[in-house]
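A.B. asks: Input file: my_file-v5.csv. Contents: CSV, C-alpha atoms and all ligand atoms.
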chain,number,residue,atom,x,y,z
A,291,MET,CA,110.6,122.4,83.6
A,292,ILE,CA,107.1,121.2,84.4
A,293,LYS,CA,104.5,123.8,83.5
A,294,THR,CA,100.9,123.5,84.7
A,295,TRP,CA,97.9,125.7,85.6
A,296,LEU,CA,99.5,126.1,89.0
A,297,THR,CA,102.9,127.4,87.8
A,298,LYS,CA,101.2,129.8,85.3
A,299,LYS,CA,98.6,131.1,87.6
A,300,LEU,CA,101.1,131.9,90.5
A,301,GLY,CA,104.1,132.7,88.3
A,302,ILE,CA,106.2,130.1,90.1
A,303,LYS,CA,108.8,127.7,88.7
A,304,HIS,CA,107.6,124.3,90.1
A,305,PRO,CA,104.1,122.9,90.6
A,306,VAL,CA,104.9,122.3,94.3
A,307,ILE,CA,103.2,123.8,97.4
A,308,GLN,CA,104.7,123.5,100.9
A,309,GLY,CA,101.8,122.4,103.1
A,310,ALA,CA,101.0,124.6,106.1
A,311,MET,CA,102.1,122.9,109.3
A,312,GLY,CA,100.7,124.7,112.2
A,313,PRO,CA,100.4,125.3,115.1
A,314,TYR,CA,104.2,125.6,114.7
A,315,SER,CA,106.0,128.2,112.7
A,316,THR,CA,106.8,127.4,109.1
A,317,ASN,CA,108.2,130.9,108.3
A,318,LYS,CA,111.8,129.8,107.5
A,319,LEU,CA,110.6,126.8,105.5
A,320,CYS,CA,108.1,129.0,103.6
A,321,ALA,CA,110.9,131.4,102.6
A,322,ALA,CA,113.1,128.5,101.5
A,323,VAL,CA,110.4,126.9,99.3
A,324,ALA,CA,109.5,130.3,97.8
A,325,ASN,CA,113.2,130.9,97.0
A,326,ALA,CA,113.4,127.4,95.4
A,327,GLY,CA,110.6,128.2,93.0
A,328,GLY,CA,107.6,126.5,94.8
A,329,LEU,CA,104.8,128.1,96.7
A,330,GLY,CA,105.9,128.7,100.4
A,331,VAL,CA,103.1,128.8,102.9
A,332,ILE,CA,103.0,130.6,106.3
A,333,SER,CA,101.0,128.6,108.9
A,334,LEU,CA,98.8,131.0,110.8
A,335,ILE,CA,97.0,128.7,113.2
A,336,GLY,CA,99.6,128.9,116.0
A,337,MET,CA,99.5,132.7,115.9
A,338,GLY,CA,95.8,132.6,116.9
A,339,VAL,CA,95.6,129.7,119.4
A,340,GLN,CA,95.0,132.0,122.4
A,341,HIS,CA,91.7,132.9,120.8
A,342,SER,CA,90.4,129.3,120.6
A,343,GLU,CA,89.8,126.6,123.1
A,344,ALA,CA,90.1,124.1,120.3
A,345,THR,CA,93.8,124.4,120.2
A,346,PRO,CA,95.2,123.8,123.6
A,347,VAL,CA,98.9,124.4,122.7
A,348,ASP,CA,100.9,127.0,124.4
A,349,PRO,CA,101.5,129.6,121.7
A,350,THR,CA,104.5,131.1,123.5
A,351,LEU,CA,106.3,127.9,122.7
A,352,VAL,CA,107.0,129.1,119.2
A,353,PHE,CA,106.0,132.7,118.8
A,354,GLY,CA,107.1,134.3,122.1
A,355,PRO,CA,105.2,137.2,123.7
A,356,GLY,CA,103.0,139.3,121.5
A,357,THR,CA,99.5,139.6,120.1
A,358,THR,CA,98.1,137.8,117.1
A,359,GLU,CA,98.3,140.9,115.0
A,360,GLU,CA,102.0,141.3,115.9
A,361,TYR,CA,102.8,137.6,115.1
A,362,VAL,CA,101.2,138.0,111.7
A,363,ALA,CA,102.9,141.3,110.9
A,364,ARG,CA,106.3,139.9,112.0
A,365,SER,CA,105.9,136.7,110.0
A,366,LEU,CA,104.9,138.4,106.8
A,367,GLU,CA,107.7,140.9,107.2
A,368,PHE,CA,110.2,138.0,107.8
A,369,VAL,CA,109.2,136.0,104.7
A,370,LYS,CA,109.0,139.1,102.5
A,371,LYS,CA,112.5,140.1,103.5
A,372,GLU,CA,114.0,136.6,103.1
A,373,THR,CA,112.5,136.2,99.7
A,374,ALA,CA,113.2,139.7,98.4
A,375,ALA,CA,116.2,138.7,96.3
A,376,SER,CA,114.5,135.8,94.5
A,377,GLY,CA,111.1,137.5,94.2
A,378,GLY,CA,109.6,134.3,95.6
A,379,VAL,CA,105.8,133.9,95.8
A,380,PHE,CA,104.1,132.8,99.1
A,381,GLY,CA,100.8,132.3,100.7
A,382,VAL,CA,99.1,131.9,104.1
A,383,ASN,CA,97.0,129.1,105.5
A,384,CYS,CA,94.1,129.4,108.0
A,385,PRO,CA,92.0,126.6,109.2
A,386,VAL,CA,88.3,127.8,109.3
A,387,SER,CA,86.7,125.1,111.4
A,388,LEU,CA,83.8,126.2,113.6
A,389,GLU,CA,85.8,125.8,116.8
A,390,PHE,CA,88.5,128.1,115.5
A,391,MET,CA,86.2,130.7,113.9
A,392,ASP,CA,87.0,133.7,116.2
A,393,ALA,CA,90.8,133.1,115.8
A,394,ALA,CA,90.4,132.6,112.0
A,395,LYS,CA,88.6,135.9,111.6
A,396,LEU,CA,91.3,137.7,113.4
A,397,LEU,CA,94.1,136.0,111.6
A,398,VAL,CA,92.7,136.5,108.1
A,399,GLY,CA,91.7,140.1,108.9
A,400,SER,CA,95.3,140.8,110.1
A,401,VAL,CA,96.8,139.3,106.9
A,402,PHE,CA,94.4,141.5,104.8
A,403,ALA,CA,95.3,144.6,106.8
A,404,GLU,CA,99.1,144.1,106.5
A,405,ARG,CA,98.7,143.4,102.8
A,406,GLU,CA,96.6,146.5,102.3
A,407,LYS,CA,99.5,148.7,103.6
A,408,ASP,CA,102.3,147.2,101.5
A,409,PRO,CA,102.4,147.0,97.7
A,410,ASP,CA,105.4,144.7,97.7
A,411,LEU,CA,103.5,142.2,99.9
A,412,GLN,CA,100.5,142.5,97.6
A,413,LYS,CA,102.7,141.4,94.7
A,414,ARG,CA,104.2,138.3,96.4
A,415,LEU,CA,101.8,137.2,99.1
A,416,ARG,CA,99.4,136.0,96.4
A,417,VAL,CA,97.6,133.0,97.9
A,418,ILE,CA,95.2,132.2,100.8
A,419,ILE,CA,94.6,128.6,101.6
A,420,THR,CA,91.6,127.8,103.9
A,421,SER,CA,91.2,124.3,105.4
A,422,ALA,CA,89.4,122.3,108.1
A,423,GLY,CA,86.0,123.9,107.7
A,424,ASP,CA,83.3,125.2,105.3
A,425,PRO,CA,84.7,127.6,102.7
A,426,VAL,CA,81.3,129.0,101.6
A,427,PRO,CA,80.8,131.6,104.4
A,428,TRP,CA,84.4,133.0,103.6
A,429,ALA,CA,83.7,133.7,99.9
A,430,GLU,CA,82.5,137.3,100.4
A,431,HIS,CA,85.3,138.2,102.6
A,432,ILE,CA,88.1,136.7,100.5
A,433,ARG,CA,86.7,137.8,97.2
A,434,LYS,CA,87.0,141.5,98.3
A,435,THR,CA,90.8,141.0,97.9
A,436,ASP,CA,92.7,140.0,94.8
A,437,MET,CA,94.2,137.0,96.5
A,438,ILE,CA,94.1,133.6,94.8
A,439,TRP,CA,92.1,131.2,96.9
A,440,PHE,CA,92.6,127.5,97.5
A,441,HIS,CA,90.6,125.3,99.9
A,442,VAL,CA,91.7,121.9,101.3
A,443,VAL,CA,89.2,119.0,101.1
A,444,PRO,CA,89.3,115.4,102.3
A,445,SER,CA,86.4,114.1,100.2
A,446,ILE,CA,84.3,114.6,97.1
A,447,TYR,CA,81.5,116.0,99.2
A,448,HIS,CA,83.8,118.7,100.7
A,449,ALA,CA,85.0,119.4,97.1
A,450,SER,CA,81.4,120.3,96.2
A,451,ARG,CA,81.4,123.0,99.0
A,452,ALA,CA,84.7,124.4,97.7
A,453,ASP,CA,83.1,124.5,94.2
A,454,LYS,CA,80.1,126.3,95.6
A,455,ALA,CA,82.4,128.8,97.4
A,456,GLY,CA,84.0,129.6,94.1
A,457,VAL,CA,87.6,128.9,95.1
A,458,ASP,CA,90.3,129.1,92.4
A,459,ALA,CA,91.6,125.6,93.0
A,460,ILE,CA,90.9,122.7,95.3
A,461,ILE,CA,93.6,120.9,97.3
A,462,ALA,CA,92.5,117.3,97.7
A,463,SER,CA,94.3,115.8,100.7
A,464,GLY,CA,94.2,112.0,101.1
A,465,HIS,CA,94.2,110.1,104.3
A,466,GLU,CA,97.9,109.2,104.1
A,467,GLY,CA,98.8,112.8,105.1
A,468,GLY,CA,100.4,114.0,108.3
A,469,ALA,CA,98.5,115.7,111.2
A,470,HIS,CA,94.8,116.4,110.7
A,471,ILE,CA,92.9,114.0,108.5
A,472,SER,CA,89.2,113.4,108.1
A,473,TRP,CA,86.9,111.3,110.1
A,474,GLN,CA,86.0,109.1,107.1
A,475,PRO,CA,89.2,107.9,105.4
A,476,VAL,CA,89.6,108.5,101.7
A,477,HIS,CA,93.1,107.9,100.4
A,478,SER,CA,94.8,109.8,97.6
A,479,MET,CA,94.4,107.2,94.9
A,480,VAL,CA,90.6,107.3,95.2
A,481,LEU,CA,90.2,110.9,96.3
A,482,ILE,CA,92.3,112.8,93.7
A,483,PRO,CA,90.8,111.4,90.5
A,484,GLY,CA,87.4,111.5,92.2
A,485,VAL,CA,87.7,115.2,92.9
A,486,VAL,CA,89.2,115.8,89.4
A,487,GLU,CA,86.2,114.2,87.8
A,488,ALA,CA,83.7,115.9,90.2
A,489,THR,CA,84.8,119.5,89.6
A,490,LYS,CA,85.9,121.7,86.7
A,491,ARG,CA,88.3,123.6,89.0
A,492,PRO,CA,92.1,122.8,89.0
A,493,VAL,CA,93.0,120.2,91.7
A,494,ILE,CA,96.2,120.0,93.7
A,495,ALA,CA,97.1,116.6,95.1
A,496,ALA,CA,98.1,116.2,98.8
A,497,GLY,CA,98.6,113.2,101.1
A,498,GLY,CA,101.6,110.9,100.5
A,499,PHE,CA,103.4,113.0,97.8
A,500,CYS,CA,107.1,113.3,98.5
A,501,ASP,CA,109.2,112.9,95.3
A,502,GLY,CA,109.3,113.1,91.5
A,503,ARG,CA,107.6,109.7,91.2
A,504,THR,CA,104.6,110.8,93.2
A,505,LEU,CA,104.5,114.2,91.5
A,506,ALA,CA,104.3,112.4,88.1
A,507,ALA,CA,101.6,110.2,89.4
A,508,ALA,CA,99.6,113.3,90.7
A,509,LEU,CA,99.8,114.8,87.2
A,510,ALA,CA,98.6,111.5,85.7
A,511,LEU,CA,95.7,111.5,88.1
A,512,GLY,CA,94.6,114.9,86.7
A,513,ALA,CA,96.1,117.2,89.3
A,514,VAL,CA,98.0,120.4,88.5
A,515,GLY,CA,100.6,120.0,91.2
A,516,VAL,CA,101.2,118.7,94.7
A,517,GLN,CA,101.2,120.0,98.2
A,518,MET,CA,103.7,118.3,100.5
A,519,GLY,CA,103.9,118.5,104.3
A,520,THR,CA,105.8,115.5,105.7
A,521,ARG,CA,108.5,115.6,103.0
A,522,PHE,CA,109.3,119.3,103.8
A,523,ILE,CA,109.7,118.5,107.6
A,524,ALA,CA,112.8,116.5,106.8
A,525,THR,CA,114.7,119.5,105.2
A,526,ARG,CA,117.5,121.6,106.6
A,527,GLU,CA,115.5,124.8,106.6
A,528,CYS,CA,112.3,123.4,108.3
A,529,ASP,CA,111.7,125.4,111.5
A,530,PHE,CA,110.9,122.2,113.5
A,531,TRP,CA,113.0,120.6,116.2
A,532,ASP,CA,115.6,118.0,115.2
A,533,VAL,CA,113.8,115.2,117.1
A,534,TRP,CA,110.8,115.8,114.8
A,535,LYS,CA,112.9,115.8,111.6
A,536,GLN,CA,114.7,112.6,112.7
A,537,GLY,CA,111.4,111.0,113.5
A,538,VAL,CA,110.3,111.5,109.9
A,539,VAL,CA,113.6,110.2,108.5
A,540,ARG,CA,113.6,107.1,110.7
A,541,GLY,CA,110.0,106.1,110.1
A,542,SER,CA,109.2,103.1,107.9
A,543,ASP,CA,106.1,102.6,105.9
A,544,ARG,CA,104.3,101.0,108.9
A,545,ASP,CA,105.3,103.7,111.3
A,546,THR,CA,102.3,106.0,111.6
A,547,LEU,CA,99.1,105.8,113.6
A,548,VAL,CA,96.0,107.9,114.0
A,549,GLY,CA,95.0,109.4,117.3
A,550,ARG,CA,92.8,112.2,118.6
A,551,GLY,CA,93.7,115.7,117.5
A,552,MET,CA,92.6,119.3,118.0
A,553,PHE,CA,89.7,119.3,115.4
A,554,GLY,CA,89.4,115.5,114.9
A,555,PRO,CA,91.8,112.7,114.0
A,556,MET,CA,95.5,113.3,113.5
A,557,ARG,CA,98.3,111.1,112.0
A,558,PHE,CA,101.4,110.7,114.2
A,559,ILE,CA,104.7,109.0,113.8
A,560,LYS,CA,104.6,105.8,115.9
A,561,ASN,CA,106.6,106.0,119.2
A,562,ASP,CA,105.9,105.3,122.9
A,563,MET,CA,103.9,108.6,123.3
A,564,SER,CA,101.7,108.2,120.2
A,565,GLU,CA,101.0,104.6,121.1
A,566,GLN,CA,100.1,105.7,124.7
A,567,LEU,CA,97.7,108.3,123.2
A,568,VAL,CA,96.0,105.7,121.0
A,569,ASP,CA,95.8,103.2,123.9
A,570,LYS,CA,94.2,105.8,126.2
A,571,THR,CA,91.7,106.8,123.4
A,572,THR,CA,90.8,103.2,122.8
A,573,GLU,CA,90.2,102.7,126.6
A,574,LEU,CA,88.3,106.0,127.3
A,575,VAL,CA,86.6,106.9,124.1
A,576,PRO,CA,86.5,103.9,121.7
A,577,GLU,CA,83.7,105.5,119.6
A,578,PHE,CA,86.5,107.8,118.3
A,579,PHE,CA,87.8,105.0,116.1
A,580,LYS,CA,84.3,104.6,114.5
A,581,GLY,CA,84.7,108.1,113.2
A,582,LEU,CA,82.4,109.7,115.7
A,583,PRO,CA,83.2,113.0,117.3
A,584,VAL,CA,84.1,112.6,121.0
A,585,ASP,CA,84.5,114.8,124.0
A,586,LEU,CA,88.0,115.8,125.2
A,587,ALA,CA,88.9,113.4,128.0
A,588,PRO,CA,91.3,115.2,130.5
A,589,GLU,CA,93.7,112.2,130.6
A,590,ILE,CA,94.0,112.3,126.8
A,591,LEU,CA,94.5,116.1,126.8
A,592,GLU,CA,97.3,115.6,129.4
A,593,ILE,CA,99.1,113.1,127.1
A,594,GLU,CA,98.8,115.5,124.2
A,595,LYS,CA,100.1,118.4,126.3
A,596,GLN,CA,103.1,116.4,127.6
A,597,GLY,CA,103.8,114.9,124.2
A,598,PHE,CA,104.0,118.3,122.4
A,599,ALA,CA,106.0,119.8,125.3
A,600,ASN,CA,108.5,117.0,125.0
A,601,LEU,CA,109.4,118.1,121.5
A,602,VAL,CA,111.4,120.9,123.1
A,603,ASN,CA,113.3,118.3,125.2
A,604,ASP,CA,114.6,116.4,122.2
A,605,ASP,CA,112.8,113.2,123.4
A,606,PRO,CA,112.3,110.8,120.5
A,607,GLN,CA,109.9,108.4,122.4
A,608,GLY,CA,108.2,110.9,124.7
A,609,SER,CA,107.3,113.5,122.0
A,610,LEU,CA,104.2,113.5,119.9
A,611,ILE,CA,105.5,113.8,116.4
A,612,LEU,CA,103.0,114.6,113.6
A,613,GLY,CA,103.8,113.1,110.2
A,614,GLY,CA,102.3,111.2,107.3
A,615,GLU,CA,102.8,107.8,105.8
A,616,ALA,CA,105.3,109.3,103.3
A,617,CYS,CA,107.8,109.1,106.2
A,618,GLY,CA,108.3,105.5,105.0
A,619,ARG,CA,109.8,106.9,101.7
A,620,ILE,CA,111.9,109.7,103.2
A,621,LYS,CA,115.4,108.8,104.1
A,622,ASP,CA,117.4,112.1,103.9
A,623,MET,CA,117.3,115.7,105.0
A,624,PRO,CA,118.3,117.8,102.1
A,625,ALA,CA,118.3,121.6,101.6
A,626,VAL,CA,115.0,122.6,100.1
A,627,CYS,CA,116.5,123.8,96.8
A,628,ASP,CA,118.3,120.4,96.3
A,629,LEU,CA,115.1,118.6,97.2
A,630,MET,CA,113.1,120.6,94.6
A,631,ASP,CA,115.7,120.1,91.9
A,632,SER,CA,115.9,116.4,92.4
A,633,LEU,CA,112.1,116.0,92.6
A,634,ILE,CA,111.5,117.9,89.4
A,635,SER,CA,114.3,116.1,87.5
A,636,GLN,CA,112.9,112.7,88.6
A,637,ALA,CA,109.4,113.7,87.6
A,638,GLU,CA,110.6,114.9,84.2
A,639,ILE,CA,112.4,111.6,83.5
A,640,ILE,CA,109.4,109.6,84.4
A,641,LEU,CA,107.0,111.8,82.4
A,642,LYS,CA,109.2,111.7,79.3
A,643,ALA,CA,109.4,107.9,79.4
A,644,LEU,CA,105.6,107.4,79.7
A,645,PRO,CA,104.8,107.6,75.9
A,646,ASP,CA,106.9,104.5,75.4
A,647,PHE,CA,104.1,102.5,77.2
A,648,VAL,CA,101.6,103.5,74.6
A,649,ALA,CA,101.5,101.0,71.7
A,701,LIG,C1,102.9,118.7,111.3
A,701,LIG,C2,101.8,119.1,110.4
A,701,LIG,C3,101.0,120.1,110.7
A,701,LIG,C4,100.0,120.5,109.7
A,701,LIG,N1,99.2,121.6,110.0
A,701,LIG,C5,98.4,122.1,109.0
A,701,LIG,C6,97.7,123.3,109.2
A,701,LIG,O1,97.9,124.1,110.1
A,701,LIG,N2,96.8,123.7,108.2
A,701,LIG,C7,96.5,122.9,107.1
A,701,LIG,O2,95.7,123.2,106.3
A,701,LIG,N3,97.2,121.7,107.0
A,701,LIG,C8,98.1,121.3,107.9
A,701,LIG,N4,98.8,120.1,107.7
A,701,LIG,C9,98.6,119.4,106.4
A,701,LIG,C10,99.6,119.8,105.4
A,701,LIG,O3,99.5,121.1,105.0
A,701,LIG,C11,99.6,118.9,104.1
A,701,LIG,O4,98.3,119.0,103.4
A,701,LIG,C12,99.8,117.4,104.4
A,701,LIG,O5,100.9,117.3,105.3
A,701,LIG,C13,100.0,116.7,103.1
A,701,LIG,O6,100.2,115.3,103.4
A,701,LIG,P1,101.7,114.7,103.6
A,701,LIG,O7,102.0,114.9,105.0
A,701,LIG,O8,101.6,113.3,103.2
A,701,LIG,O9,102.6,115.5,102.6
A,701,LIG,C14,99.8,119.7,108.6
A,701,LIG,C15,100.6,118.6,108.3
A,701,LIG,C16,101.6,118.3,109.2
A,701,LIG,C17,102.5,117.1,108.9
Will you turn the file into structure tokens for me?
C.D. replies:
Amino acid sequence: MIKTWLTKKLGIKHPVIQGAMGPYSTNKLCAAVANAGGLGVISLIGMGVQHSEATPVDPTLVFGPGTTEEYVARSLEFVKKETAASGGVFGVNCPVSLEFMDAAKLLVGSVFAEREKDPDLQKRLRVIITSAGDPVPWAEHIRKTDMIWFHVVPSIYHASRADKAGVDAIIASGHEGGAHISWQPVHSMVLIPGVVEATKRPVIAAGGFCDGRTLAAALALGAVGVQMGTRFIATRECDFWDVWKQGVVRGSDRDTLVGRGMFGPMRFIKNDMSEQLVDKTTELVPEFFKGLPVDLAPEILEIEKQGFANLVNDDPQGSLILGGEACGRIKDMPAVCDLMDSLISQAEIILKALPDFVA
């Protein structure tokens, strides 16, 4: 067993959080991770895309017909039911970037409303994770509830905003990570100890963490646990299409690239489609690669639309497959409970051996 602030605060077995992976559903994955003793997380963003022009992804692709409030209610009910036997603990994630603000207010409001009605949900839906925006304006709203609040940051500057907001813990997410990353690259080895030293709040490490070796490293860097996205894609229970899971398993350490995404840069697995996206971005909006915000060029949007639509067609080269550098270290597709057991055992072995290095 590895006990940290994170396991004690949430009453979970392992200091491992499943990263939100919107705009797609992570409901099944969330339940599997909660049942395996980690913190499962429901990704809310896809349930609110119709309220935001910043997320041009067809929500019906995953959630079917319905309103945002209905998607939220159905998802919470599903995870609650699937985790009833284990008593697993779970959370929700909502990006709070300016472009997504109307949708974010509706999503978070819907979660609070569902939770209000249901004492069982209050006991097990314990955590709200905000990301991709400024947490300070959310403090008043979130602090009216008894939810534990984490905010995701890509730099020490952003950690100071999370500090000011008064979050319970900071998730520091390095540039290695899958999907959205920051304009200015700060990788985990610099970011995590930097945030640990800059704040008195507990820090959770994200971006490149995928096994016991990296969990042990996160603890050595001063973190109280890890959040993993890419590793959890390649699991049996992940809700994603097989072409996506296989894309992660097949990727080597040099098989990701950074292209334009909904709120800024995103990390993709390298294939024909993501290379085309990067080539078009280089041609039409080269300032993007200097870390400058750019307008949405219609040709680039079309590649994105086609690339995401092709996921459904099981097209390994024509799909846009989001994933992090950790794909180079992921070679299997285990059940979540087996992954968690092996990850914790490996970390325990490494941590127990460390004192031998001290003369
Ligand atoms: C496909 C995908 C979608 C993601 N969507 C979200 C999201 O909706 N909200 C969020 O806060 N983070 C999102 N993330 C980031 C993850 O929650 C996590 O922090 C990140 O994957 C950690 O890095 P790793 O991929 O190296 O494990 C996403 C990551 C991936 C791979």
A.B. asks: May I have the protein, DNA and RNA residues with any atom at most 6 Å from the point (99.5, 116.8, 93.1), counting all atoms listed in the file, written as a tab-separated table (two decimals) with C-alpha atoms, in the frame of the given file?
C.D. replies:
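Written out: out18.tsv:
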chain	number	residue	atom	x	y	z
A	494	ILE	CA	96.20	120.00	93.70
A	495	ALA	CA	97.10	116.60	95.10
A	496	ALA	CA	98.10	116.20	98.80
A	505	LEU	CA	104.50	114.20	91.50
A	508	ALA	CA	99.60	113.30	90.70
A	513	ALA	CA	96.10	117.20	89.30
A	515	GLY	CA	100.60	120.00	91.20
A	516	VAL	CA	101.20	118.70	94.70
A.B. asks: How close does each residue of chain A get to ligand LIG 701 (chain A), giving the shortest atom pair and distance in Å to one decimal for every residue with an atom at most 6 Å away, counting all atoms listed in the file, sorted by chain and residue number, as a Markdown table?
C.D. replies:
| residue | atom | partner | partner_atom | distance |
| --- | --- | --- | --- | --- |
| A:Gly309 | CA | A:LIG701 | O3 | 3.3 |
| A:Ala310 | CA | A:LIG701 | O3 | 4.0 |
| A:Met311 | CA | A:LIG701 | C4 | 3.2 |
| A:Gly312 | CA | A:LIG701 | O1 | 3.6 |
| A:Pro313 | CA | A:LIG701 | O1 | 5.7 |
| A:Ser333 | CA | A:LIG701 | O1 | 5.6 |
| A:Ile335 | CA | A:LIG701 | O1 | 5.6 |
| A:Pro385 | CA | A:LIG701 | N2 | 5.7 |
| A:Ser421 | CA | A:LIG701 | O2 | 4.7 |
| A:Ser463 | CA | A:LIG701 | O4 | 5.8 |
| A:Glu466 | CA | A:LIG701 | O8 | 5.6 |
| A:Gly467 | CA | A:LIG701 | O6 | 3.3 |
| A:Gly468 | CA | A:LIG701 | O7 | 3.8 |
| A:Ala469 | CA | A:LIG701 | C16 | 4.5 |
| A:Ala496 | CA | A:LIG701 | C13 | 4.7 |
| A:Gly497 | CA | A:LIG701 | O6 | 3.5 |
| A:Gly498 | CA | A:LIG701 | O8 | 3.6 |
| A:Phe499 | CA | A:LIG701 | O9 | 5.5 |
| A:Met518 | CA | A:LIG701 | O9 | 3.7 |
| A:Gly519 | CA | A:LIG701 | O5 | 3.4 |
| A:Thr520 | CA | A:LIG701 | O7 | 3.9 |
| A:Arg521 | CA | A:LIG701 | O9 | 5.9 |
| A:Leu612 | CA | A:LIG701 | C1 | 4.7 |
| A:Gly613 | CA | A:LIG701 | C17 | 4.4 |
| A:Gly614 | CA | A:LIG701 | O7 | 4.4 |
| A:Ala616 | CA | A:LIG701 | O8 | 5.4 |
A.B. asks: Per residue of segment 562-625 of chain A within 9 Å of segment 533-541 of chain A, which atom pair is closest and at what distance in Å (one decimal), using all atoms listed in the file, listed by chain and increasing number, as CSV?
C.D. replies:
residue,atom,partner,partner_atom,distance
A:Leu601,CA,A:Val533,CA,6.9
A:Val602,CA,A:Val533,CA,8.6
A:Asn603,CA,A:Val533,CA,8.7
A:Asp604,CA,A:Val533,CA,5.3
A:Asp605,CA,A:Val533,CA,6.7
A:Pro606,CA,A:Val533,CA,5.8
A:Ser609,CA,A:Val533,CA,8.3
A:Leu610,CA,A:Trp534,CA,8.7
A:Ile611,CA,A:Trp534,CA,5.9
A:Leu612,CA,A:Trp534,CA,8.0
A:Gly613,CA,A:Val538,CA,6.7
A:Gly614,CA,A:Val538,CA,8.4
A:Glu615,CA,A:Gly541,CA,8.6
A:Ala616,CA,A:Val538,CA,8.6
A:Cys617,CA,A:Val538,CA,5.1
A:Gly618,CA,A:Gly541,CA,5.4
A:Arg619,CA,A:Gly541,CA,8.4
A:Ile620,CA,A:Val539,CA,5.6
A:Lys621,CA,A:Val539,CA,5.0
A:Asp622,CA,A:Val539,CA,6.3
A:Met623,CA,A:Val539,CA,7.5
A.B. asks: What is the atom CA of Met552 of chain A to atom CA of Ser315 of chain A distance in Å?
C.D. replies: 16.9 Å
A.B. asks: Hey, what's within 7 Å of His477 of chain A if we count only C-alpha atoms and toss same-chain stuff fewer than 3 positions away? As a list in words, please?
C.D. replies: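 The filter keeps Gly464, His465, Glu466, Val480 and Leu481 of chain A.
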A.B. asks: To box segment 627-634 of chain A, take all atoms listed in the file, fit an axis-aligned box, add 3 Å on each side, and give centre and edge lengths in Å to one decimal, as lines of an AutoDock Vina configuration file.
C.D. replies:
center_x = 114.9
center_y = 119.9
center_z = 93.3
size_x = 12.8
size_y = 13.8
size_z = 13.8
A.B. asks: So what do you get for atom CA of Lys413 of chain A versus atom CA of Arg433 of chain A, distance-wise?
C.D. replies: 16.6 Å
A.B. asks: Just how far from atom CA of Phe578 of chain A is atom CA of Asp424 of chain A, in Å to one decimal?
C.D. replies: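 Those two atoms sit 22.0 Å apart.
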A.B. asks: Using the atoms already present, construct N, CA, C and O atoms for segment 310-319 of chain A and hand them back as a JSON list (two decimals), in the frame of the given file.
C.D. replies:
[["chain", "number", "residue", "atom", "x", "y", "z"],
["A", 310, "ALA", "N", 100.96, 123.92, 104.82],
["A", 310, "ALA", "CA", 101.00, 124.60, 106.10],
["A", 310, "ALA", "C", 101.21, 123.55, 107.19],
["A", 310, "ALA", "O", 100.71, 122.44, 107.07],
["A", 311, "MET", "N", 101.95, 123.87, 108.25],
["A", 311, "MET", "CA", 102.10, 122.90, 109.30],
["A", 311, "MET", "C", 102.05, 123.56, 110.68],
["A", 311, "MET", "O", 102.99, 123.56, 111.46],
["A", 312, "GLY", "N", 100.89, 124.13, 110.94],
["A", 312, "GLY", "CA", 100.70, 124.70, 112.20],
["A", 312, "GLY", "C", 100.38, 123.63, 113.27],
["A", 312, "GLY", "O", 100.19, 122.49, 112.89],
["A", 313, "PRO", "N", 100.33, 123.94, 114.56],
["A", 313, "PRO", "CA", 100.40, 125.30, 115.10],
["A", 313, "PRO", "C", 101.82, 125.83, 115.22],
["A", 313, "PRO", "O", 102.04, 126.84, 115.87],
["A", 314, "TYR", "N", 102.76, 125.17, 114.59],
["A", 314, "TYR", "CA", 104.20, 125.60, 114.70],
["A", 314, "TYR", "C", 104.49, 126.57, 113.58],
["A", 314, "TYR", "O", 103.77, 126.66, 112.58],
["A", 315, "SER", "N", 105.62, 127.26, 113.70],
["A", 315, "SER", "CA", 106.00, 128.20, 112.70],
["A", 315, "SER", "C", 106.57, 127.48, 111.46],
["A", 315, "SER", "O", 107.35, 126.53, 111.60],
["A", 316, "THR", "N", 106.17, 127.92, 110.28],
["A", 316, "THR", "CA", 106.80, 127.40, 109.10],
["A", 316, "THR", "C", 107.44, 128.60, 108.29],
["A", 316, "THR", "O", 107.62, 128.54, 107.09],
["A", 317, "ASN", "N", 107.76, 129.68, 109.00],
["A", 317, "ASN", "CA", 108.20, 130.90, 108.30],
["A", 317, "ASN", "C", 109.52, 130.67, 107.54],
["A", 317, "ASN", "O", 109.65, 131.10, 106.40],
["A", 318, "LYS", "N", 110.49, 129.99, 108.17],
["A", 318, "LYS", "CA", 111.80, 129.80, 107.50],
["A", 318, "LYS", "C", 111.59, 128.82, 106.31],
["A", 318, "LYS", "O", 112.16, 129.02, 105.23],
["A", 319, "LEU", "N", 110.81, 127.78, 106.56],
["A", 319, "LEU", "CA", 110.60, 126.80, 105.50],
["A", 319, "LEU", "C", 109.83, 127.48, 104.32],
["A", 319, "LEU", "O", 110.17, 127.27, 103.15]]
